[in-house]
Amino acid sequence: MPEKTTISDMVVSRLPYYLQALRHMASQGHQVILSQELGTHLGISAPQIRKDLSLFGEFGKQGTGYDIANLIKQLNQILNTNCVWEMVIVGAGNIGRAIALYQDFIDRGFRIAMIYDNDPQKIGSRVGNYTVQDTKGMAAAIKAKRINIAVLAVPAAEAQEVTNQLVEAGIKAILNYAPIAITVSPDVHVQHLDPVVYLQQMTYYLET
């Protein structure tokens with residue numbers, strides 16, 4: 001497998017979509033898929049798909065396509081989702097609760113370990129199978145369990161302070177739903193998910 005630093009973020013960003021589509025095709029009983037078929041399903045050109053996958057090895061044969069089960073296995077290995085990653089949710093508001101109740105994490109290699117908030121009215125309440133815990137004990141618990149992933153669903157004003165606590169506790173990957181950019185050290189990976197930003201990108205193409 002190539003060094004991670006030699007693969008562009010754009011390529012990595014497409015791999016989960018390939019995996020998602022392949023899992024769907026497998027659930028429909030398909031065993032083999034051509035890059036053209038996969039491209040049609042995803043709206044990505046077949047040459048781009050072949051180029052992306054070729055960066056990690058030779059997984060298909062010209063004219064016969066890709067073995068779906070094998071390609072799913074290979075993509076899980078590439079994305080490190082051939083194991084289960086524990087993660088914490090910080091923020092038990094509407095977004096945090098919705099994420100905690102999402103049912104498909106475990107099937108895709110992730111498991112929610114804990115959910116935290118600093119609001120006394122939320123601490124001790126139940127969100128599905130989880131009890132909201134006080135952020136005062138968050139850092140120690142993260143360190144003890146050696147958790148690497150956090151979902152940040154706190155107000156913008158609190159985001160950076162909470163981020164600092166998470167990084168200090170050993171978090172290396174943050175999925176940020178707070179509507180503000182956060183600053184982290186180079187060894188921490190952040191993905192920002194502000195739905196308003198994506199809505200604004202779409203309205204650019206609409207007529208008023």
# chains A, B, ... in the order shown; residues from 1 in each chain; ligands from 1

call {"tool": "closest_atom_pairs", "arguments": {"of": "range 96-154 of chain A", "to": "range 14-28 of chain A", "cutoff": "12 Å", "atoms": "only C-alpha atoms", "output": "tab-separated table"}}
result
residue	atom	partner	partner_atom	distance
A:Asp104	CA	A:Gln20	CA	11.8
A:Asp107	CA	A:Arg23	CA	10.7
A:Arg108	CA	A:Gln20	CA	9.3
A:Gly109	CA	A:Pro16	CA	11.9

call {"tool": "residues_around", "arguments": {"residues": "Ile174 in chain A", "least_positions_apart": "4", "cutoff": "6 Å", "atoms": "only C-alpha atoms", "output": "PDB file with C-alpha atoms, in the first residue's frame"}}
result
ATOM      1  CA  ILE A 149     -12.293   9.877  17.240  1.00  0.00           C
ATOM      2  CA  ALA A 150     -14.685  12.572  18.460  1.00  0.00           C
ATOM      3  CA  VAL A 151     -17.837  14.114  17.033  1.00  0.00           C
ATOM      4  CA  VAL A 190     -10.669  17.539  11.113  1.00  0.00           C
TER       5      VAL A 190
END

call {"tool": "residues_around", "arguments": {"residues": "range 71-75 of chain A", "least_positions_apart": "3", "cutoff": "7 Å", "atoms": "only C-alpha atoms", "output": "mmCIF file with N, CA and C atoms, in the first residue's frame"}}
result
data_model
loop_
_atom_site.group_PDB
_atom_site.id
_atom_site.type_symbol
_atom_site.label_atom_id
_atom_site.label_comp_id
_atom_site.auth_asym_id
_atom_site.auth_seq_id
_atom_site.Cartn_x
_atom_site.Cartn_y
_atom_site.Cartn_z
ATOM 1 N N LEU A 19 -17.061 2.483 -1.623
ATOM 2 C CA LEU A 19 -17.393 1.416 -0.677
ATOM 3 C C LEU A 19 -18.892 1.358 -0.434
ATOM 4 N N LEU A 22 -20.612 -0.152 -3.485
ATOM 5 C CA LEU A 22 -20.321 -1.580 -3.596
ATOM 6 C C LEU A 22 -21.111 -2.392 -2.580
ATOM 7 N N PHE A 59 -7.025 -4.389 -8.635
ATOM 8 C CA PHE A 59 -8.148 -5.112 -8.051
ATOM 9 C C PHE A 59 -9.119 -5.681 -9.075
ATOM 10 N N TYR A 66 -14.634 -5.743 -11.513
ATOM 11 C CA TYR A 66 -14.138 -5.957 -10.157
ATOM 12 C C TYR A 66 -15.007 -6.973 -9.425
ATOM 13 N N ASP A 67 -14.359 -7.865 -8.710
ATOM 14 C CA ASP A 67 -15.074 -8.741 -7.791
ATOM 15 C C ASP A 67 -15.528 -7.890 -6.608
ATOM 16 N N ILE A 68 -16.829 -7.764 -6.418
ATOM 17 C CA ILE A 68 -17.362 -6.820 -5.444
ATOM 18 C C ILE A 68 -16.938 -7.168 -4.022
ATOM 19 N N ILE A 78 -7.982 -0.417 3.198
ATOM 20 C CA ILE A 78 -7.372 0.869 2.864
ATOM 21 C C ILE A 78 -7.864 1.971 3.809
ATOM 22 N N LEU A 79 -9.166 1.963 4.099
ATOM 23 C CA LEU A 79 -9.772 2.997 4.935
ATOM 24 C C LEU A 79 -9.682 2.686 6.432
#

call {"tool": "atom_distance", "arguments": {"atom1": "CA of Phe110 in chain A", "atom2": "CA of Val84 in chain A"}}
result
5.1 Å

call {"tool": "closest_atom_pairs", "arguments": {"of": "range 94-124 of chain A", "to": "range 87-90 of chain A", "cutoff": "8 Å", "atoms": "only C-alpha atoms", "output": "CSV"}}
result
residue,atom,partner,partner_atom,distance
A:Gly96,CA,A:Ile89,CA,6.6
A:Ala100,CA,A:Ile89,CA,7.5
A:Phe110,CA,A:Met87,CA,7.2
A:Arg111,CA,A:Met87,CA,6.2
A:Ile112,CA,A:Met87,CA,5.0
A:Ala113,CA,A:Met87,CA,5.6
A:Met114,CA,A:Val88,CA,5.0
A:Ile115,CA,A:Ile89,CA,4.6
A:Tyr116,CA,A:Val90,CA,4.8
A:Asp117,CA,A:Val90,CA,6.0

call {"tool": "select_by_dssp", "arguments": {"residues": "range 124-196 of chain A", "states": "strand (DSSP E)", "output": "PyMOL selection string"}}
result
chain A and resi 126-127+130-134+149-152+173-176+189-192

call {"tool": "write_last_selection", "arguments": {"atoms": "N, CA and C atoms", "output": "compact mmCIF listing (two decimals), in the first residue's frame"}}
result
# COMPACT_ATOMS: atom_id res chain seq x y z
N ARG A 126 -31.06 10.27 29.10
CA ARG A 126 -30.81 9.16 28.20
C ARG A 126 -30.98 9.59 26.75
N VAL A 127 -30.07 9.11 25.90
CA VAL A 127 -30.18 9.29 24.46
C VAL A 127 -30.03 7.89 23.86
N TYR A 130 -27.59 5.42 25.54
CA TYR A 130 -26.49 6.13 26.19
C TYR A 130 -27.00 7.07 27.27
N THR A 131 -26.20 7.22 28.31
CA THR A 131 -26.46 8.21 29.34
C THR A 131 -25.50 9.37 29.13
N VAL A 132 -26.04 10.57 29.04
CA VAL A 132 -25.20 11.76 28.83
C VAL A 132 -24.34 11.99 30.07
N GLN A 133 -23.02 12.08 29.86
CA GLN A 133 -22.09 12.25 30.96
C GLN A 133 -21.54 13.68 31.00
N ASP A 134 -21.06 14.05 32.18
CA ASP A 134 -20.51 15.39 32.40
C ASP A 134 -19.14 15.51 31.72
N ILE A 149 -11.35 9.13 18.08
CA ILE A 149 -12.29 9.88 17.24
C ILE A 149 -13.34 10.57 18.10
N ALA A 150 -13.64 11.83 17.77
CA ALA A 150 -14.68 12.57 18.46
C ALA A 150 -15.59 13.25 17.45
N VAL A 151 -16.86 13.33 17.79
CA VAL A 151 -17.84 14.11 17.03
C VAL A 151 -18.15 15.35 17.86
N LEU A 152 -17.93 16.52 17.28
CA LEU A 152 -18.09 17.78 17.98
C LEU A 152 -19.41 18.41 17.56
N ALA A 173 -8.86 12.54 15.48
CA ALA A 173 -9.77 12.82 14.37
C ALA A 173 -11.05 13.40 14.93
N ILE A 174 -11.49 14.54 14.36
CA ILE A 174 -12.67 15.23 14.85
C ILE A 174 -13.62 15.49 13.68
N LEU A 175 -14.86 15.05 13.84
CA LEU A 175 -15.92 15.38 12.91
C LEU A 175 -16.66 16.58 13.51
N ASN A 176 -16.50 17.75 12.89
CA ASN A 176 -16.93 19.00 13.49
C ASN A 176 -18.25 19.48 12.91
N HIS A 189 -6.70 15.28 12.46
CA HIS A 189 -7.48 15.46 11.22
C HIS A 189 -8.88 15.93 11.56
N VAL A 190 -9.35 16.97 10.87
CA VAL A 190 -10.67 17.54 11.11
C VAL A 190 -11.49 17.52 9.84
N GLN A 191 -12.75 17.10 9.95
CA GLN A 191 -13.71 17.23 8.87
C GLN A 191 -14.84 18.13 9.35
N HIS A 192 -15.09 19.22 8.61
CA HIS A 192 -16.14 20.16 8.98
C HIS A 192 -17.44 19.80 8.26
